[in-house]
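With TSV, C-alpha atoms inside, this is work-v6.tsv:
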chain	number	residue	atom	x	y	z
A	963	MET	CA	-17.01	-19.86	-47.76
A	964	LYS	CA	-16.31	-23.52	-48.52
A	965	THR	CA	-18.71	-24.62	-45.78
A	966	LYS	CA	-21.42	-22.34	-47.18
A	967	THR	CA	-20.96	-23.79	-50.67
A	968	ILE	CA	-21.30	-27.34	-49.36
A	969	ILE	CA	-24.45	-26.46	-47.41
A	970	THR	CA	-25.95	-24.80	-50.52
A	971	ALA	CA	-25.18	-27.85	-52.65
A	972	VAL	CA	-26.73	-30.19	-50.06
A	973	LEU	CA	-29.88	-28.06	-49.81
A	974	THR	CA	-30.16	-27.88	-53.62
A	975	ALA	CA	-29.80	-31.65	-53.93
A	976	ALA	CA	-32.40	-32.15	-51.22
A	977	ALA	CA	-34.81	-29.80	-52.97
A	978	LEU	CA	-34.33	-31.58	-56.30
A	979	SER	CA	-34.82	-34.94	-54.60
A	980	ALA	CA	-37.99	-33.74	-52.94
A	981	SER	CA	-39.41	-32.46	-56.21
A	982	ALA	CA	-38.51	-35.60	-58.20
A	983	ASP	CA	-41.15	-38.15	-59.09
A	984	LYS	CA	-40.74	-41.65	-57.69
A	985	VAL	CA	-42.03	-44.95	-59.03
A	986	THR	CA	-41.87	-48.04	-56.84
A	987	LEU	CA	-42.17	-51.43	-58.51
A	988	LYS	CA	-43.90	-54.45	-57.02
A	989	SER	CA	-40.48	-56.11	-56.83
A	990	GLY	CA	-39.47	-53.48	-54.24
A	991	SER	CA	-37.02	-51.53	-56.41
A	992	PHE	CA	-37.70	-47.88	-57.23
A	993	LEU	CA	-36.67	-45.14	-59.64
A	994	THR	CA	-36.57	-41.38	-59.27
A	995	GLY	CA	-36.89	-38.93	-62.10
A	996	THR	CA	-39.78	-37.44	-64.06
A	997	ALA	CA	-43.07	-39.20	-64.85
A	998	ASP	CA	-44.41	-38.53	-68.34
A	999	VAL	CA	-47.47	-39.93	-70.13
A	1000	ILE	CA	-49.48	-43.06	-69.34
A	1001	ARG	CA	-50.68	-44.68	-72.59
A	1002	ASN	CA	-52.00	-48.14	-73.33
A	1003	GLY	CA	-51.22	-49.28	-69.78
A	1004	VAL	CA	-47.59	-48.15	-69.94
A	1005	LEU	CA	-45.89	-45.32	-68.00
A	1006	THR	CA	-43.09	-43.43	-69.73
A	1007	PHE	CA	-40.59	-42.43	-67.03
A	1008	ALA	CA	-37.39	-40.36	-67.39
A	1009	SER	CA	-35.15	-42.02	-64.79
A	1010	ASP	CA	-32.24	-40.11	-63.23
A	1011	ASP	CA	-30.05	-43.20	-63.61
A	1012	LEU	CA	-31.39	-45.14	-66.61
A	1013	GLY	CA	-32.77	-42.46	-68.90
A	1014	GLU	CA	-36.20	-42.90	-70.50
A	1015	VAL	CA	-37.84	-46.22	-69.69
A	1016	GLU	CA	-41.31	-47.69	-70.21
A	1017	ILE	CA	-42.95	-49.47	-67.28
A	1018	LYS	CA	-46.18	-51.46	-67.39
A	1019	VAL	CA	-48.71	-50.00	-64.96
A	1020	GLU	CA	-49.56	-53.50	-63.74
A	1021	ASN	CA	-45.98	-53.84	-62.42
A	1022	ILE	CA	-46.08	-50.59	-60.40
A	1023	ALA	CA	-46.73	-50.68	-56.65
A	1024	SER	CA	-46.96	-46.88	-56.33
A	1025	LEU	CA	-46.28	-43.69	-58.24
A	1026	GLU	CA	-45.52	-40.44	-56.45
A	1027	SER	CA	-45.98	-37.56	-58.88
A	1028	ASP	CA	-47.73	-34.20	-59.10
A	1029	LYS	CA	-48.14	-34.44	-62.88
A	1030	THR	CA	-51.68	-34.18	-64.23
A	1031	HIS	CA	-52.98	-36.56	-66.89
A	1032	VAL	CA	-55.77	-36.49	-69.47
A	1033	LEU	CA	-58.59	-39.04	-69.40
A	1034	GLN	CA	-60.54	-39.48	-72.64
A	1035	TYR	CA	-63.86	-41.18	-71.93
A	1036	VAL	CA	-65.75	-43.49	-74.27
A	1037	ASP	CA	-68.35	-40.77	-74.92
A	1038	GLY	CA	-65.60	-38.53	-76.37
A	1039	THR	CA	-65.30	-36.09	-73.45
A	1040	ARG	CA	-61.97	-35.37	-71.77
A	1041	GLU	CA	-60.91	-34.50	-68.25
A	1042	THR	CA	-57.58	-33.44	-66.75
A	1043	VAL	CA	-56.98	-35.15	-63.41
A	1044	GLU	CA	-54.22	-35.82	-60.89
A	1045	MET	CA	-53.76	-39.49	-61.65
A	1046	THR	CA	-51.38	-41.90	-59.96
A	1047	VAL	CA	-50.84	-45.65	-59.65
A	1048	VAL	CA	-51.57	-47.82	-56.62
A	1049	ASP	CA	-50.92	-51.57	-56.74
A	1050	GLY	CA	-51.01	-51.74	-60.52
A	1051	LYS	CA	-54.22	-49.73	-60.94
A	1052	LEU	CA	-54.86	-46.14	-62.00
A	1053	VAL	CA	-56.22	-43.99	-59.19
A	1054	SER	CA	-57.57	-40.44	-59.06
A	1055	GLY	CA	-57.65	-39.05	-55.55
A	1056	GLU	CA	-58.32	-42.15	-53.48
A	1057	GLN	CA	-60.73	-43.78	-55.91
A	1058	PRO	CA	-59.74	-46.34	-58.60
A	1059	ILE	CA	-60.56	-45.17	-62.11
A	1060	ASP	CA	-63.32	-47.13	-63.86
A	1061	MET	CA	-61.45	-48.13	-67.02
A	1062	ASP	CA	-64.67	-49.40	-68.64
A	1063	ASN	CA	-65.60	-45.73	-69.14
A	1064	VAL	CA	-62.13	-44.67	-70.35
A	1065	LYS	CA	-61.17	-44.82	-74.03
A	1066	ALA	CA	-57.59	-43.57	-73.57
A	1067	THR	CA	-55.22	-42.04	-71.06
A	1068	ASP	CA	-52.98	-39.18	-72.19
A	1069	PRO	CA	-54.15	-39.62	-75.83
A	1070	ALA	CA	-51.55	-38.79	-78.47
A	1071	GLU	CA	-51.57	-35.31	-79.98
A	1072	GLU	CA	-53.87	-35.03	-82.98
A	1073	LYS	CA	-51.82	-34.32	-86.10
A	1074	TRP	CA	-51.71	-34.95	-89.83
A	1075	HIS	CA	-50.43	-38.30	-91.10
A	1076	GLY	CA	-49.75	-39.36	-94.65
A	1077	SER	CA	-47.51	-41.06	-97.16
A	1078	PHE	CA	-45.96	-40.39	-100.54
A	1079	ASN	CA	-44.88	-43.35	-102.68
A	1080	VAL	CA	-43.20	-43.53	-106.07
A	1081	ALA	CA	-42.63	-46.60	-108.25
A	1082	TYR	CA	-40.65	-46.57	-111.51
A	1083	MET	CA	-39.45	-49.23	-113.94
A	1084	SER	CA	-37.48	-48.87	-117.19
A	1085	SER	CA	-36.51	-51.52	-119.78
A	1086	ARG	CA	-34.15	-51.28	-122.76
A	1087	GLY	CA	-33.33	-53.90	-125.40
A	1088	ASN	CA	-35.99	-56.08	-126.99
A	1089	THR	CA	-38.52	-54.11	-124.97
A	1090	TYR	CA	-38.45	-50.34	-124.64
A	1091	ASN	CA	-40.53	-49.53	-121.60
A	1092	ASN	CA	-41.02	-46.77	-119.07
A	1093	ASN	CA	-43.70	-46.91	-116.41
A	1094	ALA	CA	-44.28	-45.01	-113.20
A	1095	SER	CA	-46.85	-44.50	-110.49
A	1096	VAL	CA	-47.24	-41.82	-107.85
A	1097	LEU	CA	-49.45	-42.33	-104.80
A	1098	PHE	CA	-50.24	-39.76	-102.12
A	1099	ASN	CA	-52.34	-40.12	-98.98
A	1100	ILE	CA	-53.16	-37.74	-96.14
A	1101	ASN	CA	-55.39	-38.19	-93.09
A	1102	ARG	CA	-56.14	-36.80	-89.66
A	1103	ARG	CA	-58.36	-37.82	-86.74
A	1104	TRP	CA	-59.86	-35.42	-84.21
A	1105	GLU	CA	-62.05	-36.28	-81.26
A	1106	LYS	CA	-65.26	-36.21	-83.33
A	1107	ASP	CA	-64.07	-35.93	-86.94
A	1108	ARG	CA	-61.78	-37.71	-89.39
A	1109	VAL	CA	-60.65	-36.65	-92.86
A	1110	LYS	CA	-58.65	-38.49	-95.49
A	1111	GLY	CA	-57.59	-37.86	-99.05
A	1112	ASP	CA	-55.91	-39.96	-101.77
A	1113	LEU	CA	-54.29	-39.17	-105.11
A	1114	GLY	CA	-52.93	-41.61	-107.65
A	1115	TYR	CA	-51.31	-41.30	-111.08
A	1116	TYR	CA	-50.22	-44.21	-113.30
A	1117	TYR	CA	-48.34	-43.83	-116.59
A	1118	SER	CA	-46.47	-46.17	-118.92
A	1119	LYS	CA	-45.14	-46.35	-122.49
A	1120	THR	CA	-44.15	-49.65	-124.12
A	1121	GLY	CA	-42.70	-50.71	-127.48
A	1122	THR	CA	-39.83	-52.51	-129.15
A	1123	SER	CA	-37.92	-49.27	-129.73
A	1124	LYS	CA	-38.08	-45.62	-128.76
A	1125	ALA	CA	-39.70	-44.77	-132.09
A	1126	ASP	CA	-42.66	-47.16	-131.85
A	1127	ARG	CA	-43.57	-46.72	-128.19
A	1128	GLU	CA	-47.24	-46.42	-127.34
A	1129	THR	CA	-48.89	-45.14	-124.19
A	1130	THR	CA	-50.30	-48.20	-122.41
A	1131	SER	CA	-51.35	-46.57	-119.17
A	1132	ASN	CA	-52.47	-43.04	-118.34
A	1133	ARG	CA	-54.73	-42.93	-115.33
A	1134	PHE	CA	-55.45	-40.29	-112.66
A	1135	GLU	CA	-57.67	-40.61	-109.59
A	1136	ALA	CA	-58.48	-38.44	-106.56
A	1137	GLU	CA	-60.75	-39.07	-103.58
A	1138	GLY	CA	-61.62	-37.35	-100.31
A	1139	GLN	CA	-63.85	-38.26	-97.36
A	1140	HIS	CA	-64.99	-36.65	-94.12
A	1141	ASP	CA	-66.36	-38.67	-91.20
A	1142	HIS	CA	-68.19	-37.27	-88.18
A	1143	PHE	CA	-68.53	-39.50	-85.12
A	1144	TRP	CA	-71.91	-39.12	-83.41
A	1145	GLN	CA	-71.11	-42.01	-81.07
A	1146	PRO	CA	-67.74	-43.67	-80.29
A	1147	LYS	CA	-68.32	-46.20	-83.10
A	1148	VAL	CA	-71.09	-44.64	-85.24
A	1149	TYR	CA	-70.28	-41.99	-87.83
A	1150	SER	CA	-71.73	-40.30	-90.89
A	1151	TYR	CA	-69.63	-39.63	-93.96
A	1152	GLU	CA	-69.55	-37.49	-97.09
A	1153	ASN	CA	-67.14	-38.28	-99.93
A	1154	ALA	CA	-66.27	-37.41	-103.51
A	1155	ARG	CA	-64.12	-39.10	-106.15
A	1156	TYR	CA	-62.78	-38.33	-109.63
A	1157	ASP	CA	-61.29	-40.78	-112.18
A	1158	ARG	CA	-59.80	-40.36	-115.65
A	1159	ASP	CA	-58.27	-43.16	-117.77
A	1160	THR	CA	-57.38	-42.43	-121.39
A	1161	ILE	CA	-56.52	-46.07	-122.20
A	1162	ALA	CA	-59.90	-47.25	-120.93
A	1163	ARG	CA	-61.41	-44.36	-122.95
A	1164	LEU	CA	-62.82	-42.90	-119.78
A	1165	ASP	CA	-62.86	-39.12	-120.11
A	1166	TYR	CA	-64.10	-38.71	-116.58
A	1167	ARG	CA	-66.07	-40.32	-113.81
A	1168	TYR	CA	-66.98	-38.34	-110.75
A	1169	ARG	CA	-69.30	-39.07	-107.91
A	1170	ILE	CA	-70.45	-37.64	-104.62
A	1171	GLY	CA	-72.06	-39.58	-101.81
A	1172	ALA	CA	-73.06	-39.77	-98.16
A	1173	GLY	CA	-74.01	-42.44	-95.67
A	1174	LEU	CA	-73.33	-44.06	-92.32
A	1175	GLY	CA	-70.39	-46.06	-91.01
A	1176	TYR	CA	-69.57	-48.26	-88.03
A	1177	GLN	CA	-66.06	-48.46	-86.57
A	1178	TRP	CA	-65.97	-52.04	-85.29
A	1179	LEU	CA	-62.31	-51.84	-84.25
A	1180	ASP	CA	-60.25	-48.68	-83.79
A	1181	GLY	CA	-56.64	-49.55	-83.00
A	1182	TYR	CA	-57.71	-52.60	-80.98
A	1183	GLU	CA	-54.64	-54.39	-79.64
A	1184	SER	CA	-54.62	-58.16	-79.24
A	1185	ASP	CA	-51.89	-59.74	-77.11
A	1186	LEU	CA	-51.71	-62.60	-79.61
A	1187	THR	CA	-52.06	-61.02	-83.06
A	1188	GLY	CA	-51.40	-57.26	-82.90
A	1189	LYS	CA	-53.34	-54.06	-83.63
A	1190	TRP	CA	-56.53	-54.02	-85.74
A	1191	SER	CA	-58.80	-51.35	-87.21
A	1192	PHE	CA	-61.94	-52.23	-89.17
A	1193	SER	CA	-64.94	-50.22	-90.35
A	1194	GLN	CA	-67.94	-50.72	-92.65
A	1195	GLU	CA	-69.95	-48.10	-94.54
A	1196	ALA	CA	-73.25	-47.98	-96.42
A	1197	GLY	CA	-74.93	-45.10	-98.22
A	1198	LEU	CA	-75.98	-43.54	-101.53
A	1199	ALA	CA	-73.97	-41.87	-104.27
A	1200	TRP	CA	-74.56	-40.05	-107.52
A	1201	VAL	CA	-72.27	-41.14	-110.36
A	1202	ARG	CA	-71.67	-39.34	-113.66
A	1203	THR	CA	-69.48	-40.82	-116.41
A	1204	GLY	CA	-68.13	-39.59	-119.72
A	1205	TYR	CA	-66.82	-42.13	-122.27
A	1206	GLN	CA	-64.98	-41.55	-125.55
A	1207	ASP	CA	-67.11	-44.27	-127.12
A	1208	LYS	CA	-70.13	-44.98	-124.93
A	1209	ASP	CA	-71.99	-48.26	-124.97
A	1210	PRO	CA	-75.62	-47.50	-125.95
A	1211	ASP	CA	-76.84	-49.30	-122.82
A	1212	ALA	CA	-74.55	-47.34	-120.46
A	1213	GLU	CA	-76.06	-44.47	-118.47
A	1214	ASP	CA	-74.39	-41.06	-118.36
A	1215	SER	CA	-75.40	-40.69	-114.71
A	1216	TYR	CA	-77.23	-42.72	-112.12
A	1217	CYS	CA	-77.90	-43.09	-108.40
A	1218	SER	CA	-75.96	-45.86	-106.72
A	1219	VAL	CA	-76.01	-47.78	-103.46
A	1220	ARG	CA	-72.56	-47.85	-101.85
A	1221	TYR	CA	-71.01	-50.47	-99.58
A	1222	ALA	CA	-67.40	-50.22	-98.38
A	1223	HIS	CA	-65.11	-51.65	-95.73
A	1224	HIS	CA	-61.61	-50.75	-94.58
A	1225	LEU	CA	-59.13	-52.92	-92.69
A	1226	THR	CA	-55.64	-52.20	-91.32
A	1227	TYR	CA	-53.44	-54.55	-89.32
A	1228	ASN	CA	-50.12	-54.18	-87.50
A	1229	PRO	CA	-48.78	-57.62	-86.52
A	1230	LYS	CA	-47.49	-58.27	-83.02
A	1231	TRP	CA	-44.19	-59.59	-84.34
A	1232	ASN	CA	-43.31	-56.38	-86.24
A	1233	GLU	CA	-45.05	-53.07	-85.49
A	1234	ASN	CA	-43.29	-51.47	-88.51
A	1235	VAL	CA	-45.41	-53.58	-90.88
A	1236	GLU	CA	-48.95	-52.44	-91.74
A	1237	GLY	CA	-51.25	-54.60	-93.81
A	1238	PHE	CA	-54.40	-53.13	-95.39
A	1239	HIS	CA	-57.45	-54.08	-97.43
A	1240	ASN	CA	-60.21	-51.88	-98.84
A	1241	LEU	CA	-63.33	-52.75	-100.83
A	1242	GLU	CA	-66.03	-50.58	-102.42
A	1243	PHE	CA	-69.10	-51.92	-104.27
A	1244	MET	CA	-71.52	-49.54	-106.03
A	1245	PRO	CA	-74.51	-50.94	-107.96
A	1246	ASP	CA	-77.03	-48.78	-109.83
A	1247	VAL	CA	-80.24	-48.65	-107.77
A	1248	ALA	CA	-82.32	-49.02	-110.96
A	1249	ASP	CA	-80.25	-51.84	-112.51
A	1250	TRP	CA	-78.07	-54.03	-110.32
A	1251	GLU	CA	-76.29	-55.42	-113.40
A	1252	VAL	CA	-74.64	-51.99	-113.68
A	1253	TYR	CA	-72.03	-51.64	-110.97
A	1254	LEU	CA	-68.52	-50.53	-110.02
A	1255	VAL	CA	-66.06	-52.37	-107.79
A	1256	LYS	CA	-62.79	-51.04	-106.40
A	1257	ALA	CA	-60.54	-53.09	-104.13
A	1258	ASP	CA	-56.96	-53.26	-102.95
A	1259	ILE	CA	-54.80	-55.36	-100.65
A	1260	GLY	CA	-51.18	-54.95	-99.63
A	1261	PHE	CA	-48.74	-53.84	-96.97
A	1262	THR	CA	-46.14	-51.22	-96.12
A	1263	THR	CA	-43.01	-51.81	-94.05
A	1264	LYS	CA	-40.49	-49.40	-92.62
A	1265	ILE	CA	-37.02	-49.75	-94.15
A	1266	LEU	CA	-35.08	-46.72	-92.82
A	1267	MET	CA	-36.16	-43.81	-90.60
A	1268	ASP	CA	-39.54	-42.71	-92.03
A	1269	PHE	CA	-39.01	-44.30	-95.46
A	1270	ASP	CA	-41.03	-47.38	-96.30
A	1271	LEU	CA	-41.66	-50.05	-98.91
A	1272	LEU	CA	-45.14	-50.32	-100.43
A	1273	CYS	CA	-46.46	-53.51	-102.03
A	1274	LYS	CA	-50.08	-53.72	-103.13
A	1275	ILE	CA	-52.56	-55.03	-105.70
A	1276	GLU	CA	-55.38	-52.81	-106.99
A	1277	TRP	CA	-58.43	-54.08	-108.85
A	1278	ASP	CA	-61.09	-52.00	-110.61
A	1279	TYR	CA	-64.20	-53.42	-112.27
A	1280	ASN	CA	-66.72	-51.53	-114.41
A	1281	SER	CA	-69.65	-53.60	-115.70
A	1282	THR	CA	-70.31	-51.09	-118.51
A	1283	PRO	CA	-66.91	-49.95	-119.82
A	1284	SER	CA	-66.26	-47.81	-122.86
A	1285	LYS	CA	-67.07	-49.62	-126.11
A	1286	GLY	CA	-64.30	-52.03	-127.09
A	1287	ARG	CA	-62.64	-51.97	-123.63
A	1288	LYS	CA	-62.48	-54.60	-120.88
A	1289	SER	CA	-64.38	-54.35	-117.62
A	1290	SER	CA	-61.50	-55.36	-115.36
A	1291	ASP	CA	-58.19	-53.59	-114.60
A	1292	THR	CA	-55.55	-54.98	-112.22
A	1293	ARG	CA	-52.40	-53.14	-111.10
A	1294	TYR	CA	-49.42	-54.56	-109.19
A	1295	ILE	CA	-47.44	-51.86	-107.42
A	1296	VAL	CA	-44.10	-51.97	-105.62
A	1297	GLY	CA	-42.64	-48.62	-104.62
A	1298	LEU	CA	-40.57	-46.66	-102.14
A	1299	GLY	CA	-42.05	-43.84	-100.14
A	1300	TYR	CA	-42.03	-41.57	-97.15
A	1301	LYS	CA	-44.53	-41.85	-94.32
A	1302	TRP	CA	-45.22	-39.36	-91.54
Whole structure given in structure tokens:
Amino acid sequence: MKTKTIITAVLTAAALSASADKVTLKSGSFLTGTADVIRNGVLTFASDDLGEVEIKVENIASLESDKTHVLQYVDGTRETVEMTVVDGKLVSGEQPIDMDNVKATDPAEEKWHGSFNVAYMSSRGNTYNNNASVLFNINRRWEKDRVKGDLGYYYSKTGTSKADRETTSNRFEAEGQHDHFWQPKVYSYENARYDRDTIARLDYRYRIGAGLGYQWLDGYESDLTGKWSFSQEAGLAWVRTGYQDKDPDAEDSYCSVRYAHHLTYNPKWNENVEGFHNLEFMPDVADWEVYLVKADIGFTTKILMDFDLLCKIEWDYNSTPSKGRKSSDTRYIVGLGYKW
């Protein structure tokens, strides 16, 4: 019985060894275990001895594995292939893969991403002040489509005592956009936005628009600086505004040209930091002295698990504000949030 048990154990171990994946490095050393995804030129490998490790494809002499992988081509199509590594290059069958035609290998699962940030400040003494802001963002990217939405609310009361406080900020904004990629870098968009600001005497401003965009960089990784994404958009929009006290020269509604660009940056020295900058310029097609500008710049950084710190500056400009109000509004925001 003991002999039979030993033979069974040996056969089981041999079977497991035969079924295990094997990666051999150019240095001559090798690991056995389970090969996982190959992304951005890196193989994720669950080693029997070392646990999960990441190995650069360029350092691999050979990979023995039956696992299939997904190739996403630059034209957006996908193919599942038996892909391996030979002398630091990806190979399907016996032919090297033409990486000029490949956008990604084993692309990450498409899912919703977003963030929720809250900032609050309170003062007591010579100044009696409460102010808060709530910011919410959600976005998702599919193979051909991308959607994103933003909400923001800003509120503050200031005075020298609780009895004489006045509301100094009460603003709400919401925006959504859908992009459809006709080519890897070329997309069309449709968007809509709503604003209300009681201090600026803006009862409402809403607009809808459409146009074309070009994705110059889409998660481009530089060995020196880090990861970049940058896009530009141009189109038309219809804007309708309601003021509490309208300037006689201000239009209730008009057609506008729209230009926008969007930039994000993750530095090489800290992938948990994300810098961003957005700009939107919308002049009236019939009178270019009537225009709206919206811009922001800032960064987020991970502080613990999925919680982050948000620091940003927002600037809004309206060339024809409500009567008796300024054209320019600037907000400085520091808040804590959750990102997923």
**Asked** Between A:Ser1191, A:Val1219, A:Ala1125, A:Gly1197, which one has atoms that come closest to A:Glu1152, using all atoms listed in the file?
**Response** A:Gly1197
**Computed interatomic separation between atom CA of A:Gly1076 and atom CA of A:Asp1270 (Å)** =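 Here the two named atoms are 12.0 Å from each other.
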Closest atom pairs, residues of stretch 1140-1174 of chain A within 8 Å of stretch 1280-1286 of chain A, all atoms listed in the file, as JSON lines:
{"residue": "A:Ala1162", "atom": "CA", "partner": "A:Ser1284", "partner_atom": "CA", "distance": 6.7}
{"residue": "A:Arg1163", "atom": "CA", "partner": "A:Ser1284", "partner_atom": "CA", "distance": 6.0}
{"residue": "A:Leu1164", "atom": "CA", "partner": "A:Ser1284", "partner_atom": "CA", "distance": 6.7}
**Asked** Hey, what's within 6 Å of stretch 1023-1032 of chain A if we count only C-alpha atoms and toss same-chain stuff fewer than 6 positions away? As a list in words, please?
**Response** Asp983, Lys984, Val985, Thr986, Leu987, Lys988, Glu1041, Thr1042, Val1043, Glu1044, Thr1046, Val1047, Val1048, Asp1049, Gly1050, Thr1067 and Asp1068 of chain A
Would you write out those residues with C-alpha atoms, as a PDB file, keeping the file's coordinate frame?
ATOM      1  CA  ASP A 983     -41.150 -38.150 -59.090  1.00  0.00           C
ATOM      2  CA  LYS A 984     -40.740 -41.650 -57.690  1.00  0.00           C
ATOM      3  CA  VAL A 985     -42.030 -44.950 -59.030  1.00  0.00           C
ATOM      4  CA  THR A 986     -41.870 -48.040 -56.840  1.00  0.00           C
ATOM      5  CA  LEU A 987     -42.170 -51.430 -58.510  1.00  0.00           C
ATOM      6  CA  LYS A 988     -43.900 -54.450 -57.020  1.00  0.00           C
ATOM      7  CA  GLU A1041     -60.910 -34.500 -68.250  1.00  0.00           C
ATOM      8  CA  THR A1042     -57.580 -33.440 -66.750  1.00  0.00           C
ATOM      9  CA  VAL A1043     -56.980 -35.150 -63.410  1.00  0.00           C
ATOM     10  CA  GLU A1044     -54.220 -35.820 -60.890  1.00  0.00           C
ATOM     11  CA  THR A1046     -51.380 -41.900 -59.960  1.00  0.00           C
ATOM     12  CA  VAL A1047     -50.840 -45.650 -59.650  1.00  0.00           C
ATOM     13  CA  VAL A1048     -51.570 -47.820 -56.620  1.00  0.00           C
ATOM     14  CA  ASP A1049     -50.920 -51.570 -56.740  1.00  0.00           C
ATOM     15  CA  GLY A1050     -51.010 -51.740 -60.520  1.00  0.00           C
ATOM     16  CA  THR A1067     -55.220 -42.040 -71.060  1.00  0.00           C
ATOM     17  CA  ASP A1068     -52.980 -39.180 -72.190  1.00  0.00           C
TER      18      ASP A1068
END
**Request:** Please provide the set of residues having any atom within 12 Å of stretch 1203-1207 of chain A, restricted to only C-alpha atoms, with same-chain residues fewer than 4 positions apart removed, written as a PyMOL selection string.
**Result:** chain A and resi 1155-1169+1211-1217+1254+1280+1282-1287
**Request:** State, in Å with one decimal place, the distance from atom CA of A:Tyr1090 to atom CA of A:Thr1122.
**Result:**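 Between atom CA of A:Tyr1090 and atom CA of A:Thr1122 the gap is 5.2 Å.
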Which residues, written as a tab-separated table (two decimals) with C-alpha atoms, in the frame of the given file, have at least one atom at most 7 Å from A:Val1255, with only C-alpha atoms counted and residues fewer than 5 positions away on the same chain left out?
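Heads up, here's the output in out-v9.tsv:
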chain	number	residue	atom	x	y	z
A	1242	GLU	CA	-66.03	-50.58	-102.42
A	1243	PHE	CA	-69.10	-51.92	-104.27
A	1244	MET	CA	-71.52	-49.54	-106.03
A	1278	ASP	CA	-61.09	-52.00	-110.61
A	1279	TYR	CA	-64.20	-53.42	-112.27
A	1280	ASN	CA	-66.72	-51.53	-114.41
**Request:** Do a neighbour search on A:Thr1263 at 8 Å with only C-alpha atoms, toss out local chain neighbours closer than 2 positions, and write the hits as number ranges by chain.
**Result:** A: 1234-1236, 1261, 1265, 1270-1272
**Prompt:** Skipping near chain neighbours, those fewer than 6 positions away, what residues fall within 6 Å of stretch 1178-1181 of chain A using all atoms listed in the file, listed as a VMD selection string?
**Reply:** chain A and resid 1189 to 1193
For stretch 983-994 of chain A, I'd like the enclosing box, axis-aligned and padded by 8 Å on every side, reported as JSON with centre and edge lengths in Å to one decimal.
{"center_x": -40.2, "center_y": -47.1, "center_z": -56.9, "size_x": 23.3, "size_y": 34.0, "size_z": 21.4}
**Asked** Which one is closest to A:Arg1133: A:Lys1147, A:Asp1291, A:Met1061, A:Trp1074? Count all atoms listed in the file.
**Response**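 For A:Arg1133, the nearest of the candidates is A:Asp1291.
Of the residues under consideration (A:Tyr1151, A:Trp1104, A:Phe1078, A:Phe1007), A:Phe1078 shows the shortest atom-to-atom contact distance to A:Asp1268 when counting only C-alpha atoms.
Interatomic distance, atom CA of A:Met1083 against atom CA of A:Glu1137: 25.8 Å.
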**Message:** My list of candidates is A:Tyr1115, A:Asn1079, A:Val1252, A:Leu1186. Which is closest to A:Lys1301 when distances are computed with all atoms listed in the file?
**Reply:**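 Smallest separation from A:Lys1301 among the options: A:Asn1079.
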**Message:** Nearest residue to A:Gly1173 out of A:Ala1199, A:Leu1052, A:Ile1259, A:Ala1070, using all atoms listed in the file?
**Reply:**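 Under the stated criterion, the closest residue is A:Ala1199.
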**Message:** Under the rule that only C-alpha atoms are counted, which of A:Ala1081, A:Val1015, A:Thr1292, A:Ser1054 is the nearest residue to A:Asp998?
**Reply:**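 So, comparing all the options, the nearest one is A:Val1015.
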